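S.K.: Take a look at this one; I'll ask things after.
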Amino acid sequence: MALLEVKNLQTSFFTDAGEVKAVNGISFNLDEGKVLGIVGESGSGKSVTAYSIMQILASTAKIKEGSSIKLRGQELVGAGEKVMKTVRGNKVSIIFQDPMTALNPTYTIGHQLMEAIMLHTPRNRKQAKERAIEMLRLVNINEPEKRMKQYPFEFSGGMRQRIVIAMALACEPDILIADEPTTALDVTIQAQILELMNSLQKELGMAIIMITHDLGVVAQMCDEVIVMYAGSICEQGTADEIFYNPRHEYTKGLMRSIPTTSNDDEPLQPITGTPIDLLNMPKGCPFAPRCDAAMKICLQNCATPMDINENHRATCWMNVKKGIEDGSIVLDEETTAKEAEDNE
Amino acid sequence: MSDTEKNLIDASAPLVEVNGLKQYFNINMGMFRTKPLKAVDGVSFQINKGETLGLVGESGCGKTTVGRTLLHLYKPTAGEIYFKGKKIETKQDIKEFRKKATMVFQDPYSSLNPRMTVSDIIGEPLDIHKLYANKAERQEKILELMENVGLNSEHAARYAHEFSGGQRQRIGIARALAINPEFIVCDEPVSALDVSIQAQVINMFADLQEKMNLSYLFIAHDLLVVRHISDRIAVMYLGKMVELADAKEIYDHPLHPYSKALMSAVPVPDPKIARANQRIALGGDIPSPLNAPSGCPFRTRCAYATERCAMEMPEFKEVSKGHFVACHNMDQAN
């Protein structure tokens with residue numbers, strides 16, 4: 001059994017302008033001790049996926065029926081606030097993008113750390129204080145005893161993010177969700193934080209869901225990767241598969257559009273067009289309007305996820321086309337005829 | 001003096017030259033006391049015609065202030081700025097300079113006036129510098145500019161909020177191009193954009209440069225983007241320039257200990273390289289520019305710091321052709 005099983009997760013925002021399908025039926029598993037990266041642009045639904053797992057969505061958002069999120073076999077969708085309170089912070093913790101706003105400016109760091117510890121574990125004040133100091137030491141904060149009495153404004157951005165990490169890990173969660181944990185930080189500080197998360201992950205053995213738009217961060221941190229676009233999963237697989245054998249046109253486009261150390265004499269190949277309007281979703285594949293390789297069928301129907309190999313699954317008609325061409329997919333006559341018609 | 005004569009005289013001089021630029025801000029410490037914040041502390045560089053100089057560094061290192069002071073958006077505390085060999089001093093100089101030098105800002109949301117239509121935004125520099133003879137010419141110029149940056153000219157009457165981030169940045173670029181500039185300061189022009197849109201804008205900067213023979217000062221913190229677009233890169237730390245070299249040279253063979261750490265910290269979008277990459281971890285954080293360390297500003301985080309580093313700021317000297325470094329202990333560091 002996987003640690004976390006997400007099946008057909010659909011989360012929508014109900015706005016005055018209509019229903020916004022922020023997450024549109026995604027499924028994935030997370031195993032113990034693995035680092036899963038979720039990449040995508042703004043509006044792709046990566047953060048909403050995380051907030052759905054934690055059930056900390058805005059009041060206008062709703063996880064729709066038929067969605068399932070199982071943590072060690074326990075269903076979380078519809079489980080109620082009481083159950084979620086035992087999950088949040090205890091079993092699943094989250095760290096947010098902006099360490100400036102994640103901490104309360106009116107309380108000391110020590111107070112905030114101890115509050116979290118006492119809320120979730122049966123420790124008394126003294127034990128909680130010891131644990132808090134231990135956690136600060138774990139995330140490499142110097143003189144933790146002294147630092148406990150200081151307020152967030154007395155810390156730099158990188159240190160604040162480390163304190164937030166200490167807080168998230170204080171109750172030894174099974175899963176740590178990191179929502180763009182280093183986006184607000186400078187490169188050298190980012191390197192520090194990623195290194196820290198890496199070593200803590202090895203030490204404590206928790207699973208991490210790393211949400212980011214930075215493919216560099218993914219390459220450095222993740223075992224497995226999910227690529228999202230417009231609320232759907234384009235492609236999922238091991239990091240090596242996604243980076244070296246991308247099988248969805250969007251992923252390929254992303255890889256071509258970022259500067260690397262090897263492509264600097266040629267112009268970048270951007271993805272044309274603009275990001276999708278979630279209020280007016282196209283009928284077929286959400287990426288089809290921007291896709292250079294789009295076929296007729298892409299505009300009509302969305303492909304179903306197809307296994308490329310045991311470590312890789314993609315949702316793109318190109319794979320079906322390729323399969324038909326090399327004979328690995330044999331269609332019955334009716335579909336072939338329809339396909340041929342569609343592609344004409 | 002005619003324009004041709006001017007060009008003949010200035011042909012040998014770099015397009016933009018900055019010498020010992022300093023920009024201090026007086027910070028109010030309460031009780032009528034102020035303390036200088038040395039945002040930029042003695043920076044010198046040159047930018048040639050058609051060249052892109054990348055300027056990188058972490059937040060608070062003064063890179064944005066360099067760009068703004070260069071255009072006299074702030075009055076420099078000290079130092080000289082030359083444009084085509086002519087020193088920019090008087091108000092008249094600044095006005096002339098700004099007809100040829102302009103800026104693209106980081107945030108396409110706050111840098112466009114929400115009460116103005118796109119055509120007014122792009123037309124404003126034309127109005128200020130009186131670059132048209134009649135209304136029809138103004139409109140024609142605006143539409144041409146919009147086309148140049150890939151905007152649909154039918155959208156000229158729309159307001160900025162009706163556009164996406166990438167399109168807004170195009171509006172900002174069209175506004176910058178309105179004066180037909182020779183030099184543009186690009187202050188983090190793509191960092192607010194999505195990855196797939198970034199590439200569109202980066203390519204546009206490259207195309208425009210080729211077409212109009214523009215020179216850029218390209219300020220950004222994304223090193224891979226800067227490396228892609230720049231001919232040369234300068235690295236800043238706490239108001240000082242620590243290294244300047246050819247883009248590939250500085251990325252592949254950085255000499256200053258700070259540049260080394262910075263380059264090694266770049267997350268490379270390639271799992272095999274990323275896993276094998278030996279990152280140089282820097283301890284601690286960047287000190288506050290209000291309490292900058294004496295001597296070399298990097299010495300508090302530098303593994304090779306000696307007593308000498310605390311005593312004097314190392315000279316910014318050329319170690320090989322076109323490669324400048326400011327470090328006392330470069331031999332030990334490499």
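Letters A, B, ... mark the chains of the structure tokens in the order given; residue numbers begin at 1 per chain; ligand numbers begin at 1, in order shown.
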Please tabulate, as CSV, the residues of chain A that come within 7 Å of chain B, each with its closest pair of atoms and the distance in Å to one decimal, counting only C-alpha atoms and ordering rows by chain, then residue number upward.

M.R.:
```
residue,atom,partner,partner_atom,distance
A:Glu41,CA,B:Asp194,CA,5.9
A:Ser42,CA,B:Asp194,CA,6.9
A:Asp186,CA,B:Glu58,CA,5.7
A:Val187,CA,B:Ala265,CA,6.0
A:Thr188,CA,B:Ala265,CA,5.5
A:Ala191,CA,B:Ala265,CA,5.4
A:Gln192,CA,B:Ala281,CA,6.6
A:Leu215,CA,B:Pro269,CA,5.2
A:Gly216,CA,B:Pro269,CA,3.8
A:Val217,CA,B:Pro267,CA,5.6
A:Ala219,CA,B:Pro271,CA,4.2
A:Gln220,CA,B:Ala274,CA,5.0
A:Ala239,CA,B:Pro271,CA,6.9
A:Asp240,CA,B:Pro271,CA,6.5
A:Phe243,CA,B:Asp270,CA,6.7
A:Leu254,CA,B:Ser196,CA,6.2
A:Ser257,CA,B:Ala199,CA,5.5
A:Ile258,CA,B:Ala199,CA,6.7
A:Pro259,CA,B:Leu224,CA,5.8
A:Thr260,CA,B:Leu224,CA,6.2
A:Asp264,CA,B:His228,CA,5.2
A:Pro267,CA,B:Asn203,CA,6.4
A:Leu268,CA,B:Ala199,CA,6.0
A:Gln269,CA,B:Ala199,CA,6.9
A:Pro270,CA,B:Ala199,CA,4.9
A:Ile271,CA,B:Ser196,CA,5.5
```

S.K.: Going by DSSP on the backbone, which bits of segment 113-318 of chain A are strand (DSSP E)? Write them as a PyMOL selection string, please.

M.R.: chain A and resi 175-179+207-212+224-229+232-238+306-309+312-314

S.K.: Quick one: everything within 7 Å of Ile109 of chain A, counting only C-alpha atoms, minus sequence neighbours fewer than 5 positions away in the same chain. Send it as a list of chain:residue names.

M.R.: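 Those residues are A:Met148, A:Lys149, A:Gln150, A:Tyr151, A:Pro152.
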
S.K.: Print the selection's residues with C-alpha atoms to a file, as a PDB file, in the first residue's frame.

M.R.:
```
ATOM      1  CA  MET A 148      13.890  30.959  20.930  1.00  0.00           C
ATOM      2  CA  LYS A 149      13.208  34.319  22.552  1.00  0.00           C
ATOM      3  CA  GLN A 150      13.464  36.307  19.333  1.00  0.00           C
ATOM      4  CA  TYR A 151      10.713  37.484  17.012  1.00  0.00           C
ATOM      5  CA  PRO A 152      10.462  36.627  13.293  1.00  0.00           C
TER       6      PRO A 152
END
```

S.K.: Near segment 233-246 of chain B, within 8 Å and counting only C-alpha atoms, which residues show up once chain neighbours fewer than 3 positions away are dropped, as number ranges by chain?

M.R.: B: 38-44, 53-58, 60-63, 226-227, 230, 249-250, 255-256, 258-259, 286-287, 289, 292, 297-298, 316, 322-327

S.K.: Could the residues in this selection be written to a file with N, CA and C atoms, as a short mmCIF file (atom, residue, chain, number, x, y, z; two decimals), in the first residue's frame?

M.R.:
```cif
data_model
loop_
_atom_site.label_atom_id
_atom_site.label_comp_id
_atom_site.auth_asym_id
_atom_site.auth_seq_id
_atom_site.Cartn_x
_atom_site.Cartn_y
_atom_site.Cartn_z
N LYS B 38 25.16 52.00 2.13
CA LYS B 38 25.95 52.00 0.90
C LYS B 38 25.41 50.95 -0.05
N ALA B 39 24.39 51.35 -0.81
CA ALA B 39 23.74 50.39 -1.71
C ALA B 39 24.67 50.02 -2.86
N VAL B 40 25.33 51.02 -3.39
CA VAL B 40 26.34 50.78 -4.43
C VAL B 40 27.59 51.52 -3.98
N ASP B 41 28.70 50.79 -3.94
CA ASP B 41 29.88 51.38 -3.33
C ASP B 41 31.08 51.24 -4.26
N GLY B 42 31.14 52.12 -5.24
CA GLY B 42 32.30 52.12 -6.12
C GLY B 42 32.26 51.03 -7.17
N VAL B 43 31.38 51.21 -8.15
CA VAL B 43 31.24 50.20 -9.20
C VAL B 43 31.66 50.82 -10.53
N SER B 44 32.47 50.11 -11.29
CA SER B 44 32.91 50.59 -12.60
C SER B 44 32.71 49.50 -13.65
N LEU B 53 25.35 43.30 -21.03
CA LEU B 53 26.08 43.01 -19.80
C LEU B 53 25.08 42.50 -18.78
N GLY B 54 25.30 41.28 -18.30
CA GLY B 54 24.42 40.73 -17.27
C GLY B 54 24.93 41.16 -15.90
N LEU B 55 24.00 41.47 -15.01
CA LEU B 55 24.39 41.88 -13.66
C LEU B 55 23.67 40.96 -12.69
N VAL B 56 24.43 40.16 -11.95
CA VAL B 56 23.80 39.21 -11.04
C VAL B 56 24.26 39.42 -9.61
N GLY B 57 23.52 38.88 -8.71
CA GLY B 57 23.82 38.99 -7.29
C GLY B 57 22.54 38.73 -6.53
N GLU B 58 22.69 38.60 -5.21
CA GLU B 58 21.52 38.27 -4.42
C GLU B 58 20.76 39.52 -4.03
N GLY B 60 19.52 42.66 -2.31
CA GLY B 60 20.23 43.57 -1.42
C GLY B 60 21.66 43.83 -1.84
N CYS B 61 22.10 43.27 -2.97
CA CYS B 61 23.49 43.48 -3.36
C CYS B 61 23.67 44.79 -4.12
N GLY B 62 22.56 45.42 -4.50
CA GLY B 62 22.66 46.73 -5.14
C GLY B 62 22.53 46.69 -6.65
N LYS B 63 22.15 45.56 -7.22
CA LYS B 63 22.12 45.49 -8.68
C LYS B 63 21.02 46.38 -9.27
N VAL B 226 20.53 34.72 -17.37
CA VAL B 226 21.55 35.74 -17.62
C VAL B 226 22.66 35.17 -18.51
N ARG B 227 23.05 33.96 -18.22
CA ARG B 227 24.10 33.34 -19.01
C ARG B 227 23.67 33.22 -20.47
N SER B 230 23.49 37.10 -22.02
CA SER B 230 24.56 38.09 -21.87
C SER B 230 25.82 37.73 -22.64
N GLU B 249 32.83 32.13 -19.61
CA GLU B 249 34.02 32.05 -18.78
C GLU B 249 33.66 32.13 -17.30
N ILE B 250 32.83 33.11 -16.94
CA ILE B 250 32.53 33.30 -15.53
C ILE B 250 31.66 32.18 -15.00
N LEU B 255 36.30 32.77 -10.61
CA LEU B 255 37.53 32.85 -9.82
C LEU B 255 37.30 33.37 -8.41
N HIS B 256 36.37 34.28 -8.25
CA HIS B 256 36.09 34.81 -6.92
C HIS B 256 35.33 33.77 -6.10
N TYR B 258 33.03 34.02 -4.02
CA TYR B 258 31.58 34.21 -4.00
C TYR B 258 30.96 33.75 -5.32
N SER B 259 31.58 34.13 -6.43
CA SER B 259 31.05 33.69 -7.73
C SER B 259 31.04 32.17 -7.81
N ILE B 286 23.74 36.94 3.93
CA ILE B 286 24.36 38.17 3.45
C ILE B 286 24.19 39.23 4.57
N PRO B 287 25.29 39.91 4.98
CA PRO B 287 25.15 40.89 6.05
C PRO B 287 24.31 42.09 5.59
N PRO B 289 23.53 45.70 4.54
CA PRO B 289 24.39 46.74 3.96
C PRO B 289 24.57 47.94 4.92
N ALA B 292 27.91 46.80 6.84
CA ALA B 292 28.74 46.01 5.95
C ALA B 292 30.10 45.78 6.62
N PRO B 297 33.73 42.82 1.46
CA PRO B 297 32.41 42.57 2.06
C PRO B 297 32.09 41.09 2.20
N PHE B 298 32.77 40.25 1.44
CA PHE B 298 32.44 38.82 1.45
C PHE B 298 33.21 38.06 2.53
N PHE B 316 39.96 45.74 -7.83
CA PHE B 316 39.25 45.07 -8.91
C PHE B 316 40.17 45.04 -10.12
N GLY B 322 40.07 40.60 -20.13
CA GLY B 322 38.65 40.83 -19.94
C GLY B 322 38.05 40.18 -18.70
N HIS B 323 38.88 39.55 -17.88
CA HIS B 323 38.38 38.89 -16.67
C HIS B 323 38.86 39.65 -15.43
N PHE B 324 37.94 40.34 -14.78
CA PHE B 324 38.29 41.16 -13.62
C PHE B 324 37.83 40.47 -12.33
N VAL B 325 38.68 40.49 -11.32
CA VAL B 325 38.32 39.89 -10.04
C VAL B 325 38.82 40.79 -8.92
N ALA B 326 38.02 40.85 -7.84
CA ALA B 326 38.47 41.57 -6.66
C ALA B 326 38.62 40.59 -5.51
N CYS B 327 39.85 40.05 -5.35
CA CYS B 327 40.08 39.10 -4.27
C CYS B 327 41.56 39.08 -3.93
#
```

S.K.: Using DSSP on the backbone coordinates, identify all residues within segment 23-259 of chain A classified as alpha helix (DSSP H); present the result as JSON, numbers by chain.

M.R.: {"A": [46, 47, 48, 49, 50, 51, 52, 53, 54, 81, 82, 83, 84, 85, 86, 87, 99, 100, 101, 102, 109, 110, 111, 112, 113, 114, 115, 116, 117, 118, 119, 120, 125, 126, 127, 128, 129, 130, 131, 132, 133, 134, 135, 136, 137, 138, 144, 145, 146, 147, 157, 158, 159, 160, 161, 162, 163, 164, 165, 166, 167, 168, 169, 187, 188, 189, 190, 191, 192, 193, 194, 195, 196, 197, 198, 199, 200, 201, 202, 203, 204, 215, 216, 217, 218, 219, 220, 221, 239, 240, 241, 242, 243, 244, 249, 250, 251, 252, 253, 254, 255, 256, 257]}

S.K.: Excluding Ile142 of chain B and residues on its chain fewer than 3 positions from it, collect all residues at most 7 Å away from it, counting only C-alpha atoms, and give them as a list in words.

M.R.: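 The neighbour list is Ser119, Ile122, Gly123, Arg138, Gln139, Leu145 and Met146 of chain B.
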
S.K.: Name the residues in contact with segment 120-128 of chain A at a cut-off of 8 Å, using only C-alpha atoms, excluding same-chain residues fewer than 2 positions from it; report them as a PDB file with N, CA and C atoms, in the first residue's frame.

M.R.:
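Dumped to part26.pdb:
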```pdb
ATOM      1  N   THR A  86      -6.178  15.654  13.240  1.00  0.00           N
ATOM      2  CA  THR A  86      -5.147  14.687  13.644  1.00  0.00           C
ATOM      3  C   THR A  86      -4.158  14.444  12.505  1.00  0.00           C
ATOM      4  N   GLY A  89      -0.303  18.621  10.381  1.00  0.00           N
ATOM      5  CA  GLY A  89       0.761  18.883  11.350  1.00  0.00           C
ATOM      6  C   GLY A  89       1.319  17.606  11.944  1.00  0.00           C
ATOM      7  N   ASN A  90       0.460  16.623  12.156  1.00  0.00           N
ATOM      8  CA  ASN A  90       0.905  15.365  12.741  1.00  0.00           C
ATOM      9  C   ASN A  90       1.460  14.419  11.696  1.00  0.00           C
ATOM     10  N   MET A 114       6.728  25.904  20.139  1.00  0.00           N
ATOM     11  CA  MET A 114       6.191  25.114  21.255  1.00  0.00           C
ATOM     12  C   MET A 114       4.688  24.915  21.119  1.00  0.00           C
ATOM     13  N   ALA A 116       3.011  24.541  18.374  1.00  0.00           N
ATOM     14  CA  ALA A 116       2.774  23.447  17.436  1.00  0.00           C
ATOM     15  C   ALA A 116       3.067  22.101  18.095  1.00  0.00           C
ATOM     16  N   ILE A 117       4.152  22.054  18.861  1.00  0.00           N
ATOM     17  CA  ILE A 117       4.547  20.779  19.468  1.00  0.00           C
ATOM     18  C   ILE A 117       3.528  20.342  20.528  1.00  0.00           C
ATOM     19  N   MET A 118       3.098  21.280  21.356  1.00  0.00           N
ATOM     20  CA  MET A 118       2.176  20.910  22.434  1.00  0.00           C
ATOM     21  C   MET A 118       0.798  20.545  21.901  1.00  0.00           C
ATOM     22  N   GLU A 130      12.318  21.749  25.102  1.00  0.00           N
ATOM     23  CA  GLU A 130      13.493  20.951  24.739  1.00  0.00           C
ATOM     24  C   GLU A 130      13.425  20.505  23.284  1.00  0.00           C
ATOM     25  N   ARG A 131      12.218  20.056  22.914  1.00  0.00           N
ATOM     26  CA  ARG A 131      12.022  19.587  21.538  1.00  0.00           C
ATOM     27  C   ARG A 131      12.231  20.741  20.543  1.00  0.00           C
ATOM     28  N   ALA A 132      11.709  21.918  20.893  1.00  0.00           N
ATOM     29  CA  ALA A 132      11.833  23.077  20.005  1.00  0.00           C
ATOM     30  C   ALA A 132      13.300  23.422  19.788  1.00  0.00           C
ATOM     31  N   CYS A 171       6.782  17.420  14.610  1.00  0.00           N
ATOM     32  CA  CYS A 171       5.946  16.289  15.001  1.00  0.00           C
ATOM     33  C   CYS A 171       6.222  15.049  14.151  1.00  0.00           C
TER      34      CYS A 171
END
```

S.K.: Which value, in Å to one decimal, gives the distance between atom CA of Lys46 of chain A and atom CA of Gly25 of chain A?

M.R.: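 Here the two named atoms are 12.5 Å from each other.
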
S.K.: For Gly73 of chain A, find every residue with an atom within 12 Å (counting only C-alpha atoms), except residues of its own chain fewer than 5 positions away, and show them as a PyMOL selection string.

M.R.: chain A and resi 1-6+29+68

S.K.: Choose the residue, out of A:Thr15, A:Gln10, A:Thr108, A:Ser44, that has the smallest atom-to-atom separation from Gly231 of chain A; count only C-alpha atoms.

M.R.: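 Ranking A:Thr15, A:Gln10, A:Thr108, A:Ser44 by distance to Gly231 of chain A, first place goes to A:Ser44.
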
S.K.: Rounded to one decimal in Å, what is the spacing between atom CA of Lys296 of chain A and atom CA of Trp317 of chain A?

M.R.: 10.2 Å
